[in-house]
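Trainee: Just query21.pdb, nothing more (PDB, N, CA and C atoms and all ligand atoms):
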```
ATOM      1  N   MET H  86      17.954  31.732  23.990  1.00  0.00           N
ATOM      2  CA  MET H  86      17.856  30.268  23.901  1.00  0.00           C
ATOM      3  C   MET H  86      16.636  29.892  23.052  1.00  0.00           C
ATOM      4  N   THR H  87      16.877  29.084  22.125  1.00  0.00           N
ATOM      5  CA  THR H  87      15.786  28.703  21.233  1.00  0.00           C
ATOM      6  C   THR H  87      15.353  27.267  21.519  1.00  0.00           C
ATOM      7  N   ALA H  88      14.088  27.127  21.810  1.00  0.00           N
ATOM      8  CA  ALA H  88      13.560  25.789  22.031  1.00  0.00           C
ATOM      9  C   ALA H  88      13.287  25.145  20.677  1.00  0.00           C
ATOM     10  N   LYS H  89      14.228  24.345  20.288  1.00  0.00           N
ATOM     11  CA  LYS H  89      14.117  23.742  18.971  1.00  0.00           C
ATOM     12  C   LYS H  89      13.426  22.377  19.086  1.00  0.00           C
ATOM     13  N   THR H  90      12.289  22.272  18.467  1.00  0.00           N
ATOM     14  CA  THR H  90      11.603  20.986  18.492  1.00  0.00           C
ATOM     15  C   THR H  90      11.944  20.222  17.218  1.00  0.00           C
ATOM     16  N   THR H  91      12.780  19.259  17.386  1.00  0.00           N
ATOM     17  CA  THR H  91      13.164  18.441  16.239  1.00  0.00           C
ATOM     18  C   THR H  91      12.227  17.250  16.125  1.00  0.00           C
ATOM     19  N   VAL H  92      11.506  17.202  15.051  1.00  0.00           N
ATOM     20  CA  VAL H  92      10.594  16.078  14.829  1.00  0.00           C
ATOM     21  C   VAL H  92      11.256  15.101  13.883  1.00  0.00           C
ATOM     22  N   THR H  93      11.442  13.908  14.369  1.00  0.00           N
ATOM     23  CA  THR H  93      12.007  12.868  13.527  1.00  0.00           C
ATOM     24  C   THR H  93      10.905  12.284  12.653  1.00  0.00           C
ATOM     25  N   THR H  94      11.158  12.251  11.387  1.00  0.00           N
ATOM     26  CA  THR H  94      10.186  11.639  10.488  1.00  0.00           C
ATOM     27  C   THR H  94      10.818  10.461   9.756  1.00  0.00           C
ATOM     28  N   VAL H  95      10.009   9.455   9.527  1.00  0.00           N
ATOM     29  CA  VAL H  95      10.450   8.303   8.751  1.00  0.00           C
ATOM     30  C   VAL H  95       9.504   8.158   7.573  1.00  0.00           C
ATOM     31  N   ALA H  96       9.947   7.474   6.546  1.00  0.00           N
ATOM     32  CA  ALA H  96       9.096   7.252   5.392  1.00  0.00           C
ATOM     33  C   ALA H  96       8.296   5.971   5.597  1.00  0.00           C
ATOM     34  N   CYS H  97       7.000   6.084   5.426  1.00  0.00           N
ATOM     35  CA  CYS H  97       6.133   4.911   5.526  1.00  0.00           C
ATOM     36  C   CYS H  97       6.608   3.857   4.522  1.00  0.00           C
ATOM     37  N   PRO H  98       6.895   2.624   4.988  1.00  0.00           N
ATOM     38  CA  PRO H  98       7.394   1.584   4.088  1.00  0.00           C
ATOM     39  C   PRO H  98       6.421   1.232   2.959  1.00  0.00           C
ATOM     40  N   THR H  99       5.147   1.506   3.175  1.00  0.00           N
ATOM     41  CA  THR H  99       4.159   1.136   2.166  1.00  0.00           C
ATOM     42  C   THR H  99       3.958   2.228   1.131  1.00  0.00           C
ATOM     43  N   CYS H 100       3.675   3.470   1.585  1.00  0.00           N
ATOM     44  CA  CYS H 100       3.348   4.528   0.633  1.00  0.00           C
ATOM     45  C   CYS H 100       4.407   5.631   0.609  1.00  0.00           C
ATOM     46  N   GLU H 101       5.455   5.499   1.461  1.00  0.00           N
ATOM     47  CA  GLU H 101       6.583   6.428   1.494  1.00  0.00           C
ATOM     48  C   GLU H 101       6.195   7.838   1.890  1.00  0.00           C
ATOM     49  N   LYS H 102       5.070   7.987   2.555  1.00  0.00           N
ATOM     50  CA  LYS H 102       4.691   9.281   3.117  1.00  0.00           C
ATOM     51  C   LYS H 102       5.489   9.514   4.385  1.00  0.00           C
ATOM     52  N   PRO H 103       5.890  10.768   4.649  1.00  0.00           N
ATOM     53  CA  PRO H 103       6.618  11.029   5.888  1.00  0.00           C
ATOM     54  C   PRO H 103       5.734  10.823   7.118  1.00  0.00           C
ATOM     55  N   VAL H 104       6.258  10.069   8.086  1.00  0.00           N
ATOM     56  CA  VAL H 104       5.514   9.771   9.305  1.00  0.00           C
ATOM     57  C   VAL H 104       6.297  10.326  10.482  1.00  0.00           C
ATOM     58  N   GLU H 105       5.636  11.117  11.331  1.00  0.00           N
ATOM     59  CA  GLU H 105       6.304  11.653  12.516  1.00  0.00           C
ATOM     60  C   GLU H 105       6.525  10.534  13.519  1.00  0.00           C
ATOM     61  N   TRP H 106       7.789  10.411  13.976  1.00  0.00           N
ATOM     62  CA  TRP H 106       8.135   9.355  14.907  1.00  0.00           C
ATOM     63  C   TRP H 106       7.804   9.827  16.317  1.00  0.00           C
ATOM     64  N   GLY H 107       6.589   9.484  16.787  1.00  0.00           N
ATOM     65  CA  GLY H 107       6.180   9.904  18.121  1.00  0.00           C
ATOM     66  C   GLY H 107       4.841   9.311  18.475  1.00  0.00           C
ATOM     67  N   ALA H 108       4.321   9.723  19.633  1.00  0.00           N
ATOM     68  CA  ALA H 108       3.075   9.153  20.149  1.00  0.00           C
ATOM     69  C   ALA H 108       1.896   9.443  19.227  1.00  0.00           C
ATOM     70  N   GLN H 109       2.019  10.499  18.428  1.00  0.00           N
ATOM     71  CA  GLN H 109       0.921  10.849  17.529  1.00  0.00           C
ATOM     72  C   GLN H 109       0.850   9.916  16.323  1.00  0.00           C
ATOM     73  N   SER H 110       1.850   9.050  16.175  1.00  0.00           N
ATOM     74  CA  SER H 110       1.846   8.094  15.061  1.00  0.00           C
ATOM     75  C   SER H 110       1.896   6.679  15.626  1.00  0.00           C
ATOM     76  N   PRO H 111       0.758   6.170  16.082  1.00  0.00           N
ATOM     77  CA  PRO H 111       0.752   4.852  16.736  1.00  0.00           C
ATOM     78  C   PRO H 111       1.119   3.703  15.805  1.00  0.00           C
ATOM     79  N   PHE H 112       1.061   3.945  14.502  1.00  0.00           N
ATOM     80  CA  PHE H 112       1.332   2.856  13.559  1.00  0.00           C
ATOM     81  C   PHE H 112       2.712   2.978  12.941  1.00  0.00           C
ATOM     82  N   ARG H 113       3.546   3.864  13.497  1.00  0.00           N
ATOM     83  CA  ARG H 113       4.884   4.034  12.949  1.00  0.00           C
ATOM     84  C   ARG H 113       5.625   2.691  12.913  1.00  0.00           C
ATOM     85  N   PRO H 114       6.471   2.423  11.973  1.00  0.00           N
ATOM     86  CA  PRO H 114       6.888   3.377  10.923  1.00  0.00           C
ATOM     87  C   PRO H 114       5.864   3.576   9.807  1.00  0.00           C
ATOM     88  N   PHE H 115       4.668   3.012   9.963  1.00  0.00           N
ATOM     89  CA  PHE H 115       3.652   3.186   8.933  1.00  0.00           C
ATOM     90  C   PHE H 115       2.835   4.431   9.228  1.00  0.00           C
ATOM     91  N   CYS H 116       2.252   5.037   8.174  1.00  0.00           N
ATOM     92  CA  CYS H 116       1.498   6.264   8.361  1.00  0.00           C
ATOM     93  C   CYS H 116       0.107   5.964   8.882  1.00  0.00           C
ATOM     94  N   SER H 117      -0.364   4.749   8.718  1.00  0.00           N
ATOM     95  CA  SER H 117      -1.719   4.408   9.134  1.00  0.00           C
ATOM     96  C   SER H 117      -1.815   2.902   9.340  1.00  0.00           C
ATOM     97  N   GLU H 118      -2.902   2.495   9.994  1.00  0.00           N
ATOM     98  CA  GLU H 118      -3.107   1.066  10.209  1.00  0.00           C
ATOM     99  C   GLU H 118      -3.223   0.338   8.876  1.00  0.00           C
ATOM    100  N   ARG H 119      -3.837   1.011   7.913  1.00  0.00           N
ATOM    101  CA  ARG H 119      -4.036   0.412   6.592  1.00  0.00           C
ATOM    102  C   ARG H 119      -2.698   0.043   5.951  1.00  0.00           C
ATOM    103  N   CYS H 120      -1.753   0.989   5.984  1.00  0.00           N
ATOM    104  CA  CYS H 120      -0.446   0.726   5.395  1.00  0.00           C
ATOM    105  C   CYS H 120       0.264  -0.397   6.143  1.00  0.00           C
ATOM    106  N   LYS H 121       0.074  -0.446   7.457  1.00  0.00           N
ATOM    107  CA  LYS H 121       0.692  -1.504   8.249  1.00  0.00           C
ATOM    108  C   LYS H 121       0.156  -2.862   7.814  1.00  0.00           C
ATOM    109  N   LEU H 122      -1.166  -2.947   7.662  1.00  0.00           N
ATOM    110  CA  LEU H 122      -1.789  -4.217   7.281  1.00  0.00           C
ATOM    111  C   LEU H 122      -1.389  -4.615   5.874  1.00  0.00           C
ATOM    112  N   ILE H 123      -1.290  -3.631   4.993  1.00  0.00           N
ATOM    113  CA  ILE H 123      -0.874  -3.920   3.617  1.00  0.00           C
ATOM    114  C   ILE H 123       0.523  -4.525   3.617  1.00  0.00           C
ATOM    115  N   ASP H 124       1.424  -3.919   4.421  1.00  0.00           N
ATOM    116  CA  ASP H 124       2.796  -4.403   4.455  1.00  0.00           C
ATOM    117  C   ASP H 124       2.864  -5.799   5.062  1.00  0.00           C
ATOM    118  N   LEU H 125       2.156  -6.016   6.151  1.00  0.00           N
ATOM    119  CA  LEU H 125       2.153  -7.337   6.786  1.00  0.00           C
ATOM    120  C   LEU H 125       1.550  -8.375   5.859  1.00  0.00           C
ATOM    121  N   GLY H 126       0.477  -7.989   5.148  1.00  0.00           N
ATOM    122  CA  GLY H 126      -0.162  -8.906   4.215  1.00  0.00           C
ATOM    123  C   GLY H 126       0.769  -9.278   3.086  1.00  0.00           C
ATOM    124  N   ALA H 127       1.506  -8.302   2.571  1.00  0.00           N
ATOM    125  CA  ALA H 127       2.445  -8.561   1.485  1.00  0.00           C
ATOM    126  C   ALA H 127       3.529  -9.513   1.951  1.00  0.00           C
ATOM    127  N   TRP H 128       3.999  -9.289   3.176  1.00  0.00           N
ATOM    128  CA  TRP H 128       5.044 -10.154   3.727  1.00  0.00           C
ATOM    129  C   TRP H 128       4.508 -11.566   3.912  1.00  0.00           C
ATOM    130  N   ALA H 129       3.324 -11.689   4.462  1.00  0.00           N
ATOM    131  CA  ALA H 129       2.750 -12.998   4.765  1.00  0.00           C
ATOM    132  C   ALA H 129       2.507 -13.797   3.488  1.00  0.00           C
ATOM    133  N   SER H 130       1.996 -13.131   2.444  1.00  0.00           N
ATOM    134  CA  SER H 130       1.679 -13.864   1.223  1.00  0.00           C
ATOM    135  C   SER H 130       2.956 -14.312   0.519  1.00  0.00           C
ATOM    136  N   GLU H 131       4.064 -13.580   0.734  1.00  0.00           N
ATOM    137  CA  GLU H 131       5.325 -13.990   0.134  1.00  0.00           C
ATOM    138  C   GLU H 131       5.938 -15.165   0.897  1.00  0.00           C
ATOM    139  N   GLU H 132       5.851 -15.109   2.228  1.00  0.00           N
ATOM    140  CA  GLU H 132       6.527 -16.095   3.062  1.00  0.00           C
ATOM    141  C   GLU H 132       5.724 -17.381   3.210  1.00  0.00           C
ATOM    142  N   HIS H 133       4.428 -17.268   3.147  1.00  0.00           N
ATOM    143  CA  HIS H 133       3.591 -18.438   3.409  1.00  0.00           C
ATOM    144  C   HIS H 133       2.737 -18.773   2.192  1.00  0.00           C
ATOM    145  N   ALA H 134       3.395 -18.947   1.057  1.00  0.00           N
ATOM    146  CA  ALA H 134       2.662 -19.247  -0.168  1.00  0.00           C
ATOM    147  C   ALA H 134       2.411 -20.746  -0.256  1.00  0.00           C
ATOM    148  N   ILE H 135       1.590 -21.234   0.651  1.00  0.00           N
ATOM    149  CA  ILE H 135       1.261 -22.665   0.662  1.00  0.00           C
ATOM    150  C   ILE H 135      -0.206 -22.809   0.272  1.00  0.00           C
ATOM    151  N   PRO H 136      -0.490 -23.181  -0.964  1.00  0.00           N
ATOM    152  CA  PRO H 136      -1.883 -23.264  -1.405  1.00  0.00           C
ATOM    153  C   PRO H 136      -2.624 -24.406  -0.729  1.00  0.00           C
ATOM    154  N   GLY H 137      -3.710 -24.051  -0.043  1.00  0.00           N
ATOM    155  CA  GLY H 137      -4.571 -25.074   0.539  1.00  0.00           C
ATOM    156  C   GLY H 137      -4.132 -25.577   1.907  1.00  0.00           C
ATOM    157  N   GLU H 138      -2.877 -25.388   2.241  1.00  0.00           N
ATOM    158  CA  GLU H 138      -2.317 -25.860   3.514  1.00  0.00           C
ATOM    159  C   GLU H 138      -2.736 -27.305   3.802  1.00  0.00           C
ATOM    160  N   PRO H 139      -2.283 -28.278   3.024  1.00  0.00           N
ATOM    161  CA  PRO H 139      -2.713 -29.682   3.183  1.00  0.00           C
ATOM    162  C   PRO H 139      -2.262 -30.273   4.506  1.00  0.00           C
ATOM    163  N   ASP H 140      -1.151 -29.801   5.073  1.00  0.00           N
ATOM    164  CA  ASP H 140      -0.649 -30.337   6.342  1.00  0.00           C
ATOM    165  C   ASP H 140      -1.656 -30.163   7.469  1.00  0.00           C
ATOM    166  N   LEU H 141      -2.326 -29.012   7.463  1.00  0.00           N
ATOM    167  CA  LEU H 141      -3.306 -28.719   8.496  1.00  0.00           C
ATOM    168  C   LEU H 141      -4.460 -29.710   8.421  1.00  0.00           C
ATOM    169  N   ASP H 142      -4.881 -30.053   7.210  1.00  0.00           N
ATOM    170  CA  ASP H 142      -5.962 -31.014   7.018  1.00  0.00           C
ATOM    171  C   ASP H 142      -5.572 -32.383   7.577  1.00  0.00           C
ATOM    172  N   ASP H 143      -4.324 -32.806   7.323  1.00  0.00           N
ATOM    173  CA  ASP H 143      -3.860 -34.090   7.807  1.00  0.00           C
ATOM    174  C   ASP H 143      -3.897 -34.155   9.325  1.00  0.00           C
ATOM    175  N   VAL H 144      -3.473 -33.069   9.957  1.00  0.00           N
ATOM    176  CA  VAL H 144      -3.455 -33.034  11.418  1.00  0.00           C
ATOM    177  C   VAL H 144      -4.866 -33.215  11.967  1.00  0.00           C
ATOM    178  N   PHE H 145      -5.813 -32.515  11.379  1.00  0.00           N
ATOM    179  CA  PHE H 145      -7.183 -32.565  11.910  1.00  0.00           C
ATOM    180  C   PHE H 145      -7.820 -33.930  11.683  1.00  0.00           C
ATOM    181  N   SER H 146      -7.641 -34.537  10.517  1.00  0.00           N
ATOM    182  CA  SER H 146      -8.240 -35.855  10.266  1.00  0.00           C
ATOM    183  C   SER H 146      -7.572 -36.917  11.131  1.00  0.00           C
ATOM    184  N   GLY H 147      -6.259 -36.751  11.393  1.00  0.00           N
ATOM    185  CA  GLY H 147      -5.560 -37.665  12.265  1.00  0.00           C
ATOM    186  C   GLY H 147      -6.132 -37.622  13.679  1.00  0.00           C
ATOM    187  N   GLU H 148      -6.393 -36.422  14.170  1.00  0.00           N
ATOM    188  CA  GLU H 148      -6.973 -36.289  15.516  1.00  0.00           C
ATOM    189  C   GLU H 148      -8.328 -36.981  15.598  1.00  0.00           C
ATOM    190  N   LEU H 149      -9.118 -36.824  14.560  1.00  0.00           N
ATOM    191  CA  LEU H 149     -10.475 -37.363  14.570  1.00  0.00           C
ATOM    192  C   LEU H 149     -10.465 -38.893  14.531  1.00  0.00           C
ATOM    193  N   ASN H 150      -9.471 -39.482  13.836  1.00  0.00           N
ATOM    194  CA  ASN H 150      -9.442 -40.933  13.675  1.00  0.00           C
ATOM    195  C   ASN H 150      -8.977 -41.652  14.932  1.00  0.00           C
ATOM    196  N   HIS H 151      -8.342 -40.917  15.854  1.00  0.00           N
ATOM    197  CA  HIS H 151      -7.823 -41.591  17.041  1.00  0.00           C
ATOM    198  C   HIS H 151      -8.885 -41.960  18.048  1.00  0.00           C
TER     199      HIS H 151
HETATM  200 ZN    ZN H 201       1.535   4.838   4.351  1.00  0.00          ZN
END
```
Once you've parsed the file, please lay out its structure as structure tokens.
Ligand SMILES: [Zn+2]
Mentor:
Amino acid sequence: MTAKTTVTTVACPTCEKPVEWGAQSPFRPFCSERCKLIDLGAWASEEHAIPGEPDLDDVFSGELNH
């Protein structure tokens, strides 16, 4: 009987390095926290491309004027 340890690996979405899918890879599917943050940052800058966020300013000045 052979104890076969099958390690599932996934490719890091950021740098495409193989990442072991297990407790030893806390940032899976990313290879590291850095790659995770890079991916989240890329997503955020694409989805929330609102320069200056003027709506937030309006909310705050409105609160102050009341
Ligand atoms: Zn990576």
Trainee: Would you mind listing the residues within 8 Å of ligand ZN 201 (chain H), counting only N, CA and C atoms and all ligand atoms, as a PyMOL selection string?
Mentor: chain H and resi 96-104+114-121
Trainee: Kindly give the distance, in Å, that separates atom CA of Arg113 of chain H and atom CA of Leu125 of chain H, rounded to a single decimal.
Mentor: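 Pair atom CA of Arg113 of chain H / atom CA of Leu125 of chain H returns 13.2 Å.
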Trainee: Run the PyMOL selection byres (((chain H and resi 94) around 5) and not hetatm) on the file and write out the hits as a list in words.
Mentor: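 Here the PyMOL selection byres (((chain H and resi 94) around 5) and not hetatm) matches Val92, Thr93, Val95, Ala96, Val104, Glu105 and Trp106 of chain H.
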Trainee: Interatomic distance between atom N of Ser110 of chain H and atom CA of Trp128 of chain H?
Mentor: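 Computing the Euclidean distance for atom N of Ser110 of chain H and atom CA of Trp128 of chain H yields 23.1 Å.
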Trainee: How far is it from atom CA of Pro111 of chain H to atom CA of Ala127 of chain H, in Å with one decimal?
Mentor: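 Interatomic distance, atom CA of Pro111 of chain H to atom CA of Ala127 of chain H: 20.4 Å.
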